[in-house]
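Notes follow the structure.
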Amino acid sequence: MTFTIVAHEPETGNLGVCLATSPLGVASRCPHVRGGVAAISSQCHSDWRHGMAGLKLAEQGWAPAQILGALKQKDPFFDYRQIGIVTADGRAVAHSPSLGAPWTGHRVGAGFVAMGNNLAGPGVVAAIHDSFAASGGTEFGERLVRAIEAGYAAGGETIGQRSAGLVICAPGIERPLIDIRVDMANPLPEEGGDAVRDLRRLFDAYGPIAPYYAEAWLDDPELSVAEFTARRASA
């Protein structure tokens, strides 16, 4: 019950996942991202063990298709799962389950996967795919959020989006550059709210200062957010 973009940015090596869904707290269980290794989303009867195992195999140099095959071998309920994998070299693969809720499917692009389940129709995944494919040159986080917004505009999930998240990791950095989430839309969709809109507001506020928390103040503890923002604006 989720729609998702899993992607690699060749210019920086960054990896990311952006997604939205009707259950609560989607970012706590579906996305698994490690800088310089892989980005994975396990959804539609998600199994967090697939994300953890997939990252370990990717770190050992396994190709995405090999990882997917290994996960399938060990999971008797694999045909309930939807999985997208993109490794640090930009290779991508996806699996959509035969026992997933309608409509369920995916499209694999150059260095990314667009996928979803229990959607309004195939146009949702097509919109995610086309948005990301056409937005080269745009900042990576913005591309990911726009892709999910495109899926939302195309109908999104049939029940409404109660939670959403964005995770971006860079090679050589242990913590994510960005790890933001809407665990519960406020108000809920049935009351007129939507987690995709909430995620956009959060990203617009936090995205520009994410580099401040990720690295800028580590060696300059007296640097304020305001000073950092001013320096970037004048650069």
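Every chain in the structure tokens takes a letter, A first, then B, and so on in the order presented; its residues are numbered from 1, and the ligands are numbered from 1 following the presented order.
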Each residue of segment 70-177 of chain A with at least one atom at most 10 Å from segment 8-24 of chain A should appear once, together with its nearest atom pair and the corresponding distance in Å (one decimal); atoms considered: only C-alpha atoms; ordering: chain, then increasing residue number; output as CSV.
residue,atom,partner,partner_atom,distance
A:Gly84,CA,A:Val17,CA,9.7
A:Val86,CA,A:His8,CA,6.8
A:Thr87,CA,A:His8,CA,7.5
A:Ala88,CA,A:Gly13,CA,6.7
A:Asp89,CA,A:Pro10,CA,8.0
A:Gly90,CA,A:His8,CA,5.7
A:Arg91,CA,A:His8,CA,8.6
A:Ala92,CA,A:His8,CA,9.0
A:Ala110,CA,A:His8,CA,8.9
A:Gly111,CA,A:His8,CA,5.5
A:Phe112,CA,A:His8,CA,6.2
A:Val113,CA,A:His8,CA,9.5
A:Ala114,CA,A:Leu19,CA,9.9
A:Met115,CA,A:Leu19,CA,9.5
A:Gly116,CA,A:Leu19,CA,9.1
A:Asn117,CA,A:Thr21,CA,9.3
A:Asn118,CA,A:Thr21,CA,9.5
A:Leu119,CA,A:Thr21,CA,9.8
A:Gly136,CA,A:Glu9,CA,9.3
A:Gly137,CA,A:Glu11,CA,9.5
A:Glu139,CA,A:Glu9,CA,9.6
A:Phe140,CA,A:Glu9,CA,6.9
A:Gly141,CA,A:Gly16,CA,8.0
A:Arg143,CA,A:Cys18,CA,9.7
A:Leu144,CA,A:Cys18,CA,5.9
A:Val145,CA,A:Cys18,CA,6.5
A:Arg146,CA,A:Cys18,CA,9.5
A:Ala147,CA,A:Cys18,CA,8.4
A:Ile148,CA,A:Leu19,CA,6.5
A:Glu149,CA,A:Ala20,CA,9.4
A:Gly151,CA,A:Ala20,CA,9.5
A:Tyr152,CA,A:Ala20,CA,8.7
A:Gly156,CA,A:Thr21,CA,8.5
A:Glu157,CA,A:Thr21,CA,6.7
A:Thr158,CA,A:Ser22,CA,8.4
A:Ile159,CA,A:Ser22,CA,6.1
A:Gly160,CA,A:Ser22,CA,5.4
A:Gln161,CA,A:Ser22,CA,4.5
A:Arg162,CA,A:Ser22,CA,4.7
A:Ser163,CA,A:Leu24,CA,5.3
A:Ala164,CA,A:Ala20,CA,4.0
A:Gly165,CA,A:Leu19,CA,5.6
A:Leu166,CA,A:Cys18,CA,4.4
A:Val167,CA,A:Val17,CA,5.4
A:Ile168,CA,A:Gly16,CA,4.2
A:Cys169,CA,A:Leu15,CA,5.4
A:Ala170,CA,A:Asn14,CA,4.5
A:Pro171,CA,A:Gly13,CA,6.3
A:Gly172,CA,A:Gly13,CA,9.9
A:Pro176,CA,A:Gly16,CA,9.4
A:Leu177,CA,A:Asn14,CA,9.2
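On the backbone of this structure, DSSP gives strand (DSSP E) within segment 133-200 of chain A to Ser163, Ala164, Gly165, Leu166, Val167, Ile168, Cys169, Ile178, Asp179, Ile180, Arg181 and Val182 of chain A.
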Legend entry - All residues 12 Å or closer to segment 208-224 of chain A, only C-alpha atoms, same chain fewer than 2 positions away omitted, as a ChimeraX atom specification: /A:139,141-142,167-170,173-180,202-206,226-233
Selection from above, C-alpha atoms, as a compact mmCIF listing (two decimals), in the first residue's frame, can you write it?
# COMPACT_ATOMS: atom_id res chain seq x y z
CA GLU A 139 18.89 18.83 -6.78
CA GLY A 141 16.17 15.55 -2.89
CA GLU A 142 13.94 17.83 -4.92
CA VAL A 167 16.10 9.24 3.09
CA ILE A 168 19.28 10.29 1.26
CA CYS A 169 22.76 8.94 1.98
CA ALA A 170 26.15 9.90 0.55
CA ILE A 173 29.27 9.32 5.38
CA GLU A 174 27.81 6.99 8.01
CA ARG A 175 24.64 8.93 8.81
CA PRO A 176 22.04 10.03 6.25
CA LEU A 177 22.32 13.50 4.75
CA ILE A 178 18.54 13.71 5.02
CA ASP A 179 16.21 11.45 6.98
CA ILE A 180 12.85 13.17 7.34
CA LEU A 202 9.03 19.61 5.78
CA PHE A 203 11.49 19.21 2.91
CA ASP A 204 11.18 22.86 1.86
CA ALA A 205 12.05 23.90 5.42
CA TYR A 206 14.76 21.35 6.20
CA ALA A 226 21.39 31.94 9.98
CA GLU A 227 25.09 32.47 9.22
CA PHE A 228 25.22 29.26 7.20
CA THR A 229 22.16 30.27 5.19
CA ALA A 230 23.62 33.72 4.53
CA ARG A 231 26.92 32.26 3.32
CA ARG A 232 25.12 29.94 0.88
CA ALA A 233 22.98 32.77 -0.40
Inset, instruction - Within segment 57-220 of chain A, find each residue whose DSSP state, derived from the backbone, is alpha helix (DSSP H), and express the selection as an MDAnalysis selection string. - result: chainID A and resid 57:59 64:74 122:134 140:153 195:206 210:211
Just write the chosen residues, C-alpha atoms, as a compact mmCIF listing (two decimals), in the first residue's frame.
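Output (result_19.txt):
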# COMPACT_ATOMS: atom_id res chain seq x y z
CA LEU A 57 24.83 -8.49 0.18
CA ALA A 58 25.27 -5.25 -1.75
CA GLU A 59 28.21 -4.37 0.50
CA PRO A 64 20.79 -6.26 -7.58
CA ALA A 65 19.38 -9.24 -9.50
CA GLN A 66 21.49 -11.61 -7.41
CA ILE A 67 20.29 -9.97 -4.22
CA LEU A 68 16.68 -10.27 -5.31
CA GLY A 69 17.18 -13.96 -6.10
CA ALA A 70 18.72 -14.61 -2.68
CA LEU A 71 15.84 -12.87 -0.91
CA LYS A 72 13.32 -14.89 -2.91
CA GLN A 73 14.99 -18.17 -1.99
CA LYS A 74 14.70 -17.51 1.74
CA PRO A 122 -0.59 2.21 -13.64
CA GLY A 123 -0.51 5.95 -14.27
CA VAL A 124 0.82 6.48 -10.75
CA VAL A 125 4.04 4.53 -11.36
CA ALA A 126 4.32 6.01 -14.86
CA ALA A 127 4.10 9.53 -13.40
CA ILE A 128 6.80 8.77 -10.81
CA HIS A 129 9.05 7.30 -13.48
CA ASP A 130 8.56 10.12 -15.97
CA SER A 131 9.00 12.86 -13.37
CA PHE A 132 12.33 11.51 -12.15
CA ALA A 133 13.59 10.71 -15.64
CA ALA A 134 12.84 14.24 -16.85
CA PHE A 140 18.53 15.15 -5.83
CA GLY A 141 16.17 15.55 -2.89
CA GLU A 142 13.94 17.83 -4.92
CA ARG A 143 13.84 15.25 -7.73
CA LEU A 144 12.77 12.53 -5.31
CA VAL A 145 10.04 14.61 -3.68
CA ARG A 146 8.75 15.81 -7.05
CA ALA A 147 8.52 12.22 -8.26
CA ILE A 148 6.31 11.26 -5.32
CA GLU A 149 4.24 14.40 -5.81
CA ALA A 150 3.75 13.35 -9.44
CA GLY A 151 2.52 9.95 -8.30
CA TYR A 152 0.21 11.63 -5.83
CA ALA A 153 -1.18 13.92 -8.54
CA ALA A 195 1.30 13.14 4.15
CA VAL A 196 2.70 14.03 0.72
CA ARG A 197 1.81 17.68 1.24
CA ASP A 198 3.24 17.49 4.78
CA LEU A 199 6.48 16.00 3.44
CA ARG A 200 6.80 18.82 0.91
CA ARG A 201 6.46 21.45 3.66
CA LEU A 202 9.03 19.61 5.78
CA PHE A 203 11.49 19.21 2.91
CA ASP A 204 11.18 22.86 1.86
CA ALA A 205 12.05 23.90 5.42
CA TYR A 206 14.76 21.35 6.20
CA ALA A 210 20.43 19.74 5.77
CA PRO A 211 24.12 20.33 4.83
Inset, instruction - For atom CA of Leu55 of chain A and atom CA of Gln82 of chain A, quote the distance in Å rounded to one decimal. - result: 16.1 Å
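Restricting the calculation to only C-alpha atoms, the smallest distance between Ala101 of chain A and any of A:Gly121, A:Gly25, A:Gly51, A:Gly36 is found for A:Gly121.
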